[in-house]
file protein-v1.txt (compact mmCIF, C-alpha atoms)
# COMPACT_ATOMS: atom_id res chain seq x y z
CA MET A 1 2.50 -28.05 -28.71
CA ALA A 2 0.88 -25.32 -30.81
CA THR A 3 0.01 -23.34 -27.67
CA ASN A 4 3.60 -23.55 -26.41
CA TYR A 5 4.89 -22.39 -29.79
CA LYS A 6 2.51 -19.42 -29.90
CA THR A 7 3.43 -18.47 -26.33
CA SER A 8 7.14 -18.63 -27.13
CA VAL A 9 6.72 -16.50 -30.26
CA TYR A 10 4.57 -13.96 -28.39
CA THR A 11 6.97 -13.63 -25.45
CA GLY A 12 9.93 -13.46 -27.82
CA ILE A 13 8.47 -10.53 -29.73
CA THR A 14 7.28 -8.78 -26.57
CA TYR A 15 10.68 -9.27 -24.92
CA ARG A 16 12.50 -7.66 -27.84
CA ILE A 17 10.23 -4.61 -27.78
CA ILE A 18 10.57 -4.16 -24.02
CA TYR A 19 14.33 -4.69 -24.15
CA PHE A 20 14.71 -2.11 -26.91
CA LEU A 21 12.72 0.46 -24.92
CA LEU A 22 14.29 -0.19 -21.48
CA TYR A 23 17.90 -0.62 -22.53
CA LYS A 24 18.33 1.11 -25.85
CA VAL A 25 15.91 4.05 -25.56
CA MET A 26 15.21 4.83 -21.91
CA ARG A 27 18.46 3.45 -20.42
CA TYR A 28 16.27 2.73 -17.40
CA ARG A 29 18.32 3.30 -14.23
CA TYR A 30 21.43 2.28 -16.15
CA THR A 31 23.80 4.38 -14.04
CA GLU A 32 22.39 2.88 -10.86
CA VAL A 33 22.69 -0.66 -12.24
CA ILE A 34 26.36 -0.10 -13.14
CA GLN A 35 27.09 1.45 -9.72
CA ASN A 36 25.37 -1.40 -7.85
CA LEU A 37 27.22 -4.04 -9.86
CA SER A 38 30.60 -2.30 -9.54
CA ARG A 39 30.30 -2.04 -5.76
CA SER A 40 29.03 -5.60 -5.42
CA PHE A 41 31.76 -7.12 -7.61
CA PRO A 42 34.90 -4.99 -7.12
CA GLU A 43 37.01 -7.86 -8.44
CA LYS A 44 35.40 -7.69 -11.90
CA SER A 45 36.59 -5.50 -14.75
CA TYR A 46 34.42 -2.76 -16.21
CA GLU A 47 33.86 -4.89 -19.31
CA GLU A 48 32.58 -7.75 -17.15
CA ILE A 49 30.30 -5.36 -15.27
CA LYS A 50 28.82 -4.07 -18.55
CA ARG A 51 28.28 -7.65 -19.74
CA ILE A 52 26.39 -8.55 -16.55
CA ALA A 53 24.33 -5.35 -16.90
CA LEU A 54 23.41 -6.34 -20.47
CA GLU A 55 22.38 -9.83 -19.31
CA PHE A 56 20.36 -8.26 -16.50
CA TYR A 57 18.38 -6.01 -18.88
CA ARG A 58 17.61 -9.01 -21.07
CA HIS A 59 16.40 -10.97 -18.05
CA PHE A 60 14.46 -7.97 -16.72
CA SER A 61 12.74 -7.50 -20.09
CA ARG A 62 11.73 -11.18 -20.18
CA LEU A 63 10.09 -10.80 -16.77
CA PHE A 64 7.82 -8.10 -18.18
CA ALA A 65 7.11 -10.25 -21.23
CA GLU A 66 6.06 -13.16 -19.00
CA ILE A 67 3.45 -11.15 -17.06
CA PRO A 68 0.73 -11.57 -19.75
CA VAL A 69 1.50 -15.32 -19.75
CA LEU A 70 0.76 -15.45 -16.02
CA MET A 71 -2.42 -13.41 -16.58
CA MET A 72 -3.81 -15.89 -19.11
CA LEU A 73 -2.33 -19.17 -17.84
CA PRO A 74 -4.96 -21.96 -17.32
CA ARG A 75 -4.77 -23.79 -13.99
CA GLY A 76 -4.08 -27.04 -15.82
CA ARG A 77 -0.81 -25.67 -17.18
CA VAL A 78 0.59 -24.26 -13.93
CA ALA A 79 2.92 -27.23 -13.42
CA LYS A 80 4.40 -26.59 -16.87
CA ARG A 81 5.32 -23.01 -15.87
CA LEU A 82 6.57 -23.62 -12.32
CA VAL A 83 8.30 -26.79 -11.14
CA LEU A 84 8.29 -26.94 -7.34
CA GLU A 85 11.17 -28.77 -5.70
CA GLY A 86 10.78 -29.35 -1.96
CA ALA A 87 6.99 -29.27 -1.69
CA THR A 88 7.18 -32.23 0.70
CA LEU A 89 8.88 -29.94 3.24
CA VAL A 90 5.82 -27.69 3.34
CA GLU A 91 3.42 -30.64 3.46
CA GLN A 92 5.40 -32.32 6.26
CA TYR A 93 5.25 -29.31 8.59
CA GLN A 94 1.67 -28.49 7.63
CA ALA A 95 0.70 -32.01 8.70
CA GLU A 96 2.33 -31.26 12.07
CA GLY A 97 0.21 -28.12 12.44
CA ARG A 98 3.17 -25.77 11.95
CA PRO A 99 2.98 -22.52 9.98
CA VAL A 100 5.67 -22.13 7.33
CA ILE A 101 7.56 -18.97 6.37
CA ILE A 102 9.16 -18.94 2.92
CA MET A 103 11.93 -16.34 2.51
CA LEU A 104 13.30 -15.31 -0.87
CA GLY A 105 14.77 -12.33 -2.68
CA HIS A 106 14.07 -10.42 -5.89
CA TYR A 107 15.90 -13.13 -7.82
CA GLY A 108 14.62 -15.02 -10.84
CA ASN A 109 10.93 -14.46 -11.52
CA TRP A 110 9.37 -13.88 -8.11
CA GLU A 111 5.96 -13.28 -9.75
CA CYS A 112 5.77 -17.06 -10.25
CA LEU A 113 4.96 -17.22 -6.55
CA SER A 114 1.36 -16.51 -7.53
CA LEU A 115 1.24 -20.08 -8.92
CA LEU A 116 2.09 -21.75 -5.59
CA PRO A 117 -1.53 -22.22 -4.37
CA ALA A 118 -2.14 -24.45 -7.38
CA LEU A 119 0.82 -26.64 -6.38
CA LEU A 120 0.49 -26.78 -2.58
CA ARG A 121 -2.26 -28.31 -0.46
CA CYS A 122 -2.47 -25.46 2.01
CA ARG A 123 -3.38 -21.81 2.16
CA VAL A 124 -0.66 -19.58 0.76
CA TYR A 125 -0.27 -15.96 1.79
CA GLY A 126 1.86 -13.40 -0.01
CA VAL A 127 3.21 -10.49 2.03
CA PHE A 128 3.42 -7.46 -0.23
CA LYS A 129 4.17 -3.76 -0.27
CA PRO A 130 1.59 -1.77 -2.30
CA LEU A 131 2.94 -0.14 -5.46
CA SER A 132 2.86 3.65 -5.64
CA ASN A 133 1.12 3.54 -9.05
CA ARG A 134 -2.54 2.63 -8.40
CA PHE A 135 -3.12 1.13 -11.86
CA PHE A 136 -0.13 -1.22 -11.63
CA ASP A 137 -0.94 -1.98 -7.99
CA ARG A 138 -4.45 -3.18 -8.94
CA LEU A 139 -3.08 -5.07 -11.95
CA MET A 140 -0.42 -6.91 -9.95
CA LYS A 141 -2.91 -7.77 -7.18
CA LYS A 142 -5.20 -9.30 -9.80
CA ILE A 143 -2.38 -11.33 -11.32
CA ARG A 144 -0.99 -12.47 -7.98
CA SER A 145 -4.35 -13.63 -6.60
CA ARG A 146 -5.54 -15.56 -9.71
CA PHE A 147 -4.78 -19.01 -8.31
CA GLY A 148 -5.76 -18.32 -4.72
CA LEU A 149 -2.75 -16.49 -3.31
CA GLN A 150 -4.11 -14.43 -0.41
CA LEU A 151 -2.39 -11.06 -0.18
CA LEU A 152 -1.48 -9.43 3.12
CA SER A 153 0.09 -6.03 3.52
CA MET A 154 3.22 -5.76 5.67
CA GLU A 155 1.08 -4.08 8.34
CA GLU A 156 -1.53 -6.86 8.34
CA VAL A 157 0.69 -9.92 8.51
CA PRO A 158 1.82 -9.79 12.20
CA ARG A 159 -1.74 -9.79 13.54
CA HIS A 160 -2.78 -12.44 11.01
CA MET A 161 0.04 -14.81 11.99
CA LEU A 162 -0.24 -14.19 15.73
CA GLN A 163 -3.91 -15.22 15.64
CA ARG A 164 -2.57 -18.74 14.94
CA ARG A 165 -5.24 -19.54 12.38
CA LEU A 166 -6.03 -23.18 11.66
CA PRO A 167 -5.15 -24.87 9.48
CA PRO A 168 -1.76 -23.10 9.41
CA GLY A 169 -0.65 -21.60 6.13
CA ALA A 170 2.52 -20.86 4.19
CA TYR A 171 3.62 -17.21 4.25
CA ILE A 172 5.83 -15.81 1.50
CA PHE A 173 8.22 -12.99 2.41
CA VAL A 174 10.35 -11.29 -0.25
CA SER A 175 12.95 -10.30 2.31
CA ASP A 176 15.65 -8.35 0.48
CA GLN A 177 13.94 -4.97 0.56
CA SER A 178 15.50 -1.93 2.19
CA PRO A 179 13.80 -1.22 5.56
CA PRO A 180 12.55 2.33 6.16
CA HIS A 181 14.60 2.49 9.37
CA CYS A 182 17.83 0.70 10.23
CA LYS A 183 17.13 -2.54 12.11
CA HIS A 184 20.30 -4.52 11.60
CA ILE A 185 23.39 -4.37 9.36
CA VAL A 186 24.93 -7.32 7.50
CA ASP A 187 27.81 -7.52 5.06
CA PHE A 188 26.07 -8.24 1.76
CA LEU A 189 27.86 -8.15 -1.60
CA HIS A 190 30.85 -6.26 -0.12
CA GLN A 191 28.64 -3.57 1.36
CA PRO A 192 27.18 -2.87 4.82
CA THR A 193 23.48 -3.43 4.18
CA SER A 194 20.47 -2.64 6.35
CA VAL A 195 18.11 -5.63 6.44
CA ILE A 196 14.58 -6.50 7.52
CA THR A 197 14.46 -8.49 10.77
CA GLY A 198 10.69 -8.64 11.29
CA THR A 199 10.46 -11.97 9.47
CA GLU A 200 12.60 -13.81 11.98
CA ARG A 201 10.82 -12.13 14.90
CA LEU A 202 7.51 -13.44 13.54
CA ALA A 203 9.05 -16.89 13.12
CA ARG A 204 10.00 -16.96 16.79
CA ALA A 205 6.66 -15.57 17.97
CA THR A 206 4.66 -18.17 16.02
CA ASN A 207 7.19 -21.06 16.09
CA ALA A 208 7.05 -21.13 12.29
CA VAL A 209 9.33 -23.32 10.22
CA VAL A 210 11.51 -21.11 8.00
CA LEU A 211 12.39 -22.14 4.44
CA TYR A 212 14.59 -20.51 1.82
CA ALA A 213 13.37 -20.35 -1.78
CA VAL A 214 15.24 -19.67 -5.00
CA LEU A 215 13.94 -19.53 -8.59
CA HIS A 216 15.94 -20.63 -11.65
CA LYS A 217 14.88 -20.62 -15.28
CA THR A 218 14.77 -24.06 -16.91
CA LYS A 219 13.51 -22.96 -20.34
CA ALA A 220 11.42 -20.23 -21.94
CA CYS A 221 8.65 -19.14 -19.54
CA GLN A 222 9.38 -22.05 -17.19
CA TRP A 223 10.93 -21.72 -13.74
CA LYS A 224 12.00 -24.13 -11.01
CA MET A 225 11.47 -23.08 -7.40
CA SER A 226 13.67 -24.92 -4.90
CA LEU A 227 12.85 -24.93 -1.19
CA SER A 228 15.39 -25.70 1.53
CA LEU A 229 15.29 -25.57 5.31
CA ILE A 230 16.70 -22.60 7.24
CA THR A 231 15.40 -23.73 10.63
CA GLU A 232 12.59 -25.76 12.15
CA GLU A 233 13.33 -24.44 15.64
CA PRO A 234 13.32 -20.62 15.36
CA VAL A 235 12.98 -20.16 19.13
CA ASN A 236 16.39 -21.81 19.57
CA THR A 237 18.22 -19.59 17.07
CA ALA A 238 20.49 -16.73 18.11
CA PRO A 239 19.36 -13.14 17.46
CA PHE A 240 19.64 -12.33 13.73
CA GLU A 241 20.78 -15.88 12.90
CA ILE A 242 17.85 -16.51 10.53
CA THR A 243 18.43 -13.14 8.86
CA HIS A 244 22.13 -13.88 8.38
CA ILE A 245 21.47 -17.35 6.94
CA PHE A 246 18.93 -15.96 4.48
CA ASN A 247 21.21 -13.18 3.25
CA ALA A 248 24.19 -15.54 2.95
CA ARG A 249 22.20 -17.97 0.78
CA LEU A 250 20.81 -15.18 -1.37
CA GLU A 251 24.30 -13.76 -1.87
CA ASP A 252 25.58 -17.18 -2.96
CA ASP A 253 22.80 -17.43 -5.55
CA ILE A 254 23.47 -13.90 -6.83
CA ARG A 255 27.17 -14.67 -7.24
CA GLN A 256 26.33 -17.75 -9.30
CA ARG A 257 23.94 -15.92 -11.66
CA PRO A 258 24.21 -12.16 -10.99
CA ALA A 259 21.95 -11.17 -13.91
CA TYR A 260 18.95 -12.75 -12.14
CA TRP A 261 18.87 -10.21 -9.28
CA LEU A 262 16.98 -6.91 -9.41
CA TRP A 263 19.86 -4.47 -9.88
CA THR A 264 17.53 -1.53 -10.55
CA HIS A 265 16.33 -1.89 -6.96
CA ARG A 266 17.74 0.88 -4.76
CA ARG A 267 18.90 -1.64 -2.20
CA TRP A 268 21.48 0.55 -0.50
CA LYS A 269 19.57 3.84 -0.44
CA ASN A 270 19.45 3.86 3.39
CA ASN A 271 23.06 2.84 3.94
CA LEU A 272 24.43 6.24 4.87
CA SER A 273 21.86 6.70 7.63
CA ALA A 274 22.34 3.11 8.78
CA ILE A 275 26.12 3.19 9.29

call {"tool": "encode", "arguments": {"input": "protein-v1.txt", "output": "structure tokens"}}
result
Amino acid sequence: MATNYKTSVYTGITYRIIYFLLYKVMRYRYTEVIQNLSRSFPEKSYEEIKRIALEFYRHFSRLFAEIPVLMMLPRGRVAKRLVLEGATLVEQYQAEGRPVIIMLGHYGNWECLSLLPALLRCRVYGVFKPLSNRFFDRLMKKIRSRFGLQLLSMEEVPRHMLQRRLPPGAYIFVSDQSPPHCKHIVDFLHQPTSVITGTERLARATNAVVLYAVLHKTKACQWKMSLSLITEEPVNTAPFEITHIFNARLEDDIRQRPAYWLWTHRRWKNNLSAI
């Protein structure tokens, strides 16, 4: 109880400092956040947009405040920080010798994914894009691999999966990033949006079961990750069907709690060249 209290006090103080700097002083990407929200929710008034932006900066600041908690978290307390709903889905397909792909977006606290190896009885791989800042890149790799998450770059993962390693693992793809070149366009949050399609191509090539994941906060520094099935037969899906299902589910979650998504992310930076 004392440890929980100290953690809550620490994160509360840290959150307030970060929030003051990001929102009050730096106004970090504020114009971009307002533009993204306004285009995504044209039905909302400007006052509603500003309220969502305020909630987003509070959420965003708490994510930074929770990073030290993840750095120092003992293995025995992992289950108190991340509640996993749907773990039996992963275990069921692992028992059948099937690799599993977990798709999610920059929604909630995606850094909690580093805790999954402590909650699942299989190898867990995180597909990542290196950060441009070397210091933060090394720091985040250290945090993400603490509990056994094996990191693969986006260039490494196709070869790794196609080797059909045994036992099969679970591969985590944060799949709402903007691709460097236009692959496919979907209607996402009222905007034509270029999307990554490599995940579903890998699913077909390896016959991997595809799951959707979403993270919701339950209380201070605690998150619940819910897994649900997208498809267990990727080879029988139509072209881009998996991609469309993923983006539709992510959009539904964003509409329910818009402040949880990463609105500072330049999601539509390639739109003009993609249309």

call {"tool": "residues_around", "arguments": {"input": "protein-v1.txt", "residues": "A:Gly198", "least_positions_apart": "2", "cutoff": "12 Å", "atoms": "all atoms listed in the file", "output": "list in words"}}
result
Ile101, Met103, Met154, Glu155, Val157, Pro158, Phe173, Val174, Ser175, Asp176, Gln177, Pro179, His181, Cys182, Lys183, His184, Val195, Ile196, Glu200, Arg201, Leu202, Ala203, Arg204, Ala205, Pro239, Phe240, Ile242 and Thr243 of chain A

call {"tool": "closest_residue", "arguments": {"input": "protein-v1.txt", "among": "A:Arg159, A:Arg144, A:Asn207, A:Asn247", "to": "A:Ser194", "atoms": "only C-alpha atoms"}}
result
A:Asn247

call {"tool": "atom_distance", "arguments": {"input": "protein-v1.txt", "atom1": "atom CA of A:Arg98", "atom2": "atom CA of A:Glu233"}}
result
10.9 Å

call {"tool": "residues_around", "arguments": {"input": "protein-v1.txt", "residues": "A:Val214", "least_positions_apart": "2", "cutoff": "7 Å", "atoms": "only C-alpha atoms", "output": "list in words"}}
result
Leu104, Tyr212, His216, Met225, Ser226 and Leu227 of chain A

call {"tool": "residues_around", "arguments": {"input": "protein-v1.txt", "residues": "A:Val90", "least_positions_apart": "2", "cutoff": "9 Å", "atoms": "all atoms listed in the file", "output": "VMD selection string"}}
result
chain A and resid 86 to 88 92 to 95 99 to 100 120 to 122 170 209 211 227

call {"tool": "closest_atom_pairs", "arguments": {"input": "protein-v1.txt", "of": "stretch 88-189 of chain A", "to": "stretch 251-257 of chain A", "cutoff": "10 Å", "atoms": "all atoms listed in the file", "output": "tab-separated table"}}
result
residue	atom	partner	partner_atom	distance
A:Gly105	CA	A:Glu251	CA	9.7
A:Tyr107	CA	A:Ile254	CA	7.7
A:Gly108	CA	A:Arg257	CA	9.4
A:Asp187	CA	A:Glu251	CA	10.0
A:Phe188	CA	A:Glu251	CA	6.8
A:Leu189	CA	A:Glu251	CA	6.6

call {"tool": "residues_around", "arguments": {"input": "protein-v1.txt", "residues": "stretch 37-47 of chain A", "least_positions_apart": "4", "cutoff": "12 Å", "atoms": "all atoms listed in the file", "output": "list in words"}}
result
Tyr30, Thr31, Glu32, Val33, Arg51, Ile52, Ala53, Leu54, Phe56, Asp187, Phe188, Leu189, His190, Gln191, Pro192, Thr193, Glu251, Ile254, Arg255, Pro258, Ala259, Trp261, Leu262, Trp263, Thr264, His265, Arg266, Arg267 and Trp268 of chain A

call {"tool": "atom_distance", "arguments": {"input": "protein-v1.txt", "atom1": "atom CA of A:Ile230", "atom2": "atom CA of A:Thr199"}}
result
12.5 Å

call {"tool": "atom_distance", "arguments": {"input": "protein-v1.txt", "atom1": "atom CA of A:Leu70", "atom2": "atom CA of A:Tyr28"}}
result
23.9 Å

call {"tool": "axis_aligned_box", "arguments": {"input": "protein-v1.txt", "around": "stretch 31-45 of chain A", "padding_each_side": "4 Å", "output": "JSON"}}
result
{"center_x": 29.7, "center_y": -1.7, "center_z": -10.1, "size_x": 22.6, "size_y": 20.2, "size_z": 17.3}

call {"tool": "closest_residue", "arguments": {"input": "protein-v1.txt", "among": "A:Leu152, A:Ile34, A:Leu229, A:Pro168", "to": "A:Val127", "atoms": "all atoms listed in the file"}}
result
A:Leu152

call {"tool": "closest_residue", "arguments": {"input": "protein-v1.txt", "among": "A:Lys224, A:Arg138, A:Arg27, A:Arg123", "to": "A:Val83", "atoms": "all atoms listed in the file"}}
result
A:Lys224

call {"tool": "residues_around", "arguments": {"input": "protein-v1.txt", "residues": "A:Ala79", "least_positions_apart": "3", "cutoff": "12 Å", "atoms": "only C-alpha atoms", "output": "list in words"}}
result
Leu73, Pro74, Arg75, Gly76, Leu82, Val83, Leu84, Glu85, Cys112, Leu115, Leu116, Pro117, Ala118, Leu119, Leu120, Cys221, Gln222, Trp223, Lys224 and Met225 of chain A
